[in-house]
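Q: Sharing a structure below in structure tokens format, with a few things to ask.
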Amino acid sequence: MTQHTPPAPRICPACDGFASAAVTLGTRDSCGRLRTITVDCPACLGTGTVSARLVREGARA
Ligand SMILES: [Zn+2]
């Protein structure tokens, strides 16, 4: 009897699954919070995986 299980998502080798990072700009806003920008992994475009899922998650974002 065969079980039909979906393949596990493959982790992006470039970012090891940590697809987005917040980078501080070194300054603070008027409320005293650190100003940050979010940078997505260029290899997986912020999804953290590489496979057919890349297309689906990219379309959702
Ligand atoms: Zn990546």
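Identifiers in this document derive from the order of the structure tokens: chains are assigned A, B, ..., residues are numbered from 1 separately in each chain, and ligands are numbered from 1 in order of occurrence.
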Kindly assemble as a tab-separated table a list of the chain A residues that lie within 6 Å of ligand 1, each paired with its nearest atom pair and their distance in Å to one decimal, using only C-alpha atoms and all ligand atoms, sorted first by chain and then by ascending residue number.

A:
residue	atom	partner	partner_atom_place_in_ligand_line	distance
A:Cys12	CA	ligand 1	1 (Zn)	4.6
A:Ala14	CA	ligand 1	1 (Zn)	4.9
A:Cys15	CA	ligand 1	1 (Zn)	4.1
A:Ala19	CA	ligand 1	1 (Zn)	4.8
A:Cys41	CA	ligand 1	1 (Zn)	4.5
A:Ala43	CA	ligand 1	1 (Zn)	4.9
A:Cys44	CA	ligand 1	1 (Zn)	4.2
A:Gly48	CA	ligand 1	1 (Zn)	4.6

Q: For a test of reading the model, state the distance in Å between CA of Val50 (chain A) and CA of Gly17 (chain A), rounded to one decimal.

A: 9.6 Å

Q: What lies within 9 Å of Gly26 (chain A) using only C-alpha atoms, ignoring chain neighbours under 2 positions off, as a VMD selection string?

A: chain A and resid 23 to 24 28 34 to 36

Q: Could the residues in this selection be written to a file with N, CA and C atoms, as a compact mmCIF listing (two decimals), in the first residue's frame?

A:
# COMPACT_ATOMS: atom_id res chain seq x y z
N VAL A 23 17.32 44.92 8.42
CA VAL A 23 18.63 45.57 8.50
C VAL A 23 18.42 46.97 9.07
N THR A 24 19.14 47.27 10.13
CA THR A 24 18.99 48.59 10.71
C THR A 24 19.72 49.62 9.86
N ARG A 28 17.41 56.37 14.39
CA ARG A 28 16.14 56.13 15.06
C ARG A 28 15.13 57.19 14.63
N LEU A 34 14.38 51.85 16.23
CA LEU A 34 15.38 51.68 15.19
C LEU A 34 14.69 51.63 13.83
N ARG A 35 15.23 52.39 12.89
CA ARG A 35 14.70 52.33 11.54
C ARG A 35 15.31 51.13 10.84
N THR A 36 14.48 50.28 10.27
CA THR A 36 14.95 49.07 9.62
C THR A 36 14.35 48.97 8.22

Q: In Å, how far is it from CA of Thr38 (chain A) to CA of Asp16 (chain A)?

A: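 One can read the CA of Thr38 (chain A) to CA of Asp16 (chain A) distance as 16.9 Å.
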
Q: From the DSSP assignment of the backbone, select every residue of region 7-36 of chain A that is strand (DSSP E or B), and format the answer as a PyMOL selection string.

A: chain A and resi 11+20-28+34-36

Q: Generate a file of the selected residues that holds C-alpha atoms, formatted as a compact mmCIF listing (two decimals), in the first residue's frame.

A:
# COMPACT_ATOMS: atom_id res chain seq x y z
CA ILE A 11 15.09 24.85 2.08
CA SER A 20 14.02 37.83 5.12
CA ALA A 21 16.22 39.93 7.34
CA ALA A 22 15.65 43.29 8.97
CA VAL A 23 18.63 45.57 8.50
CA THR A 24 18.99 48.59 10.71
CA LEU A 25 19.79 51.89 9.07
CA GLY A 26 21.70 53.08 12.12
CA THR A 27 19.25 55.85 12.92
CA ARG A 28 16.14 56.13 15.06
CA LEU A 34 15.38 51.68 15.19
CA ARG A 35 14.70 52.33 11.54
CA THR A 36 14.95 49.07 9.62

Q: Please, what distance in Å, to one decimal, runs between CA of Arg33 (chain A) and CA of Phe18 (chain A)?

A: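 These two atoms are separated by 23.3 Å.
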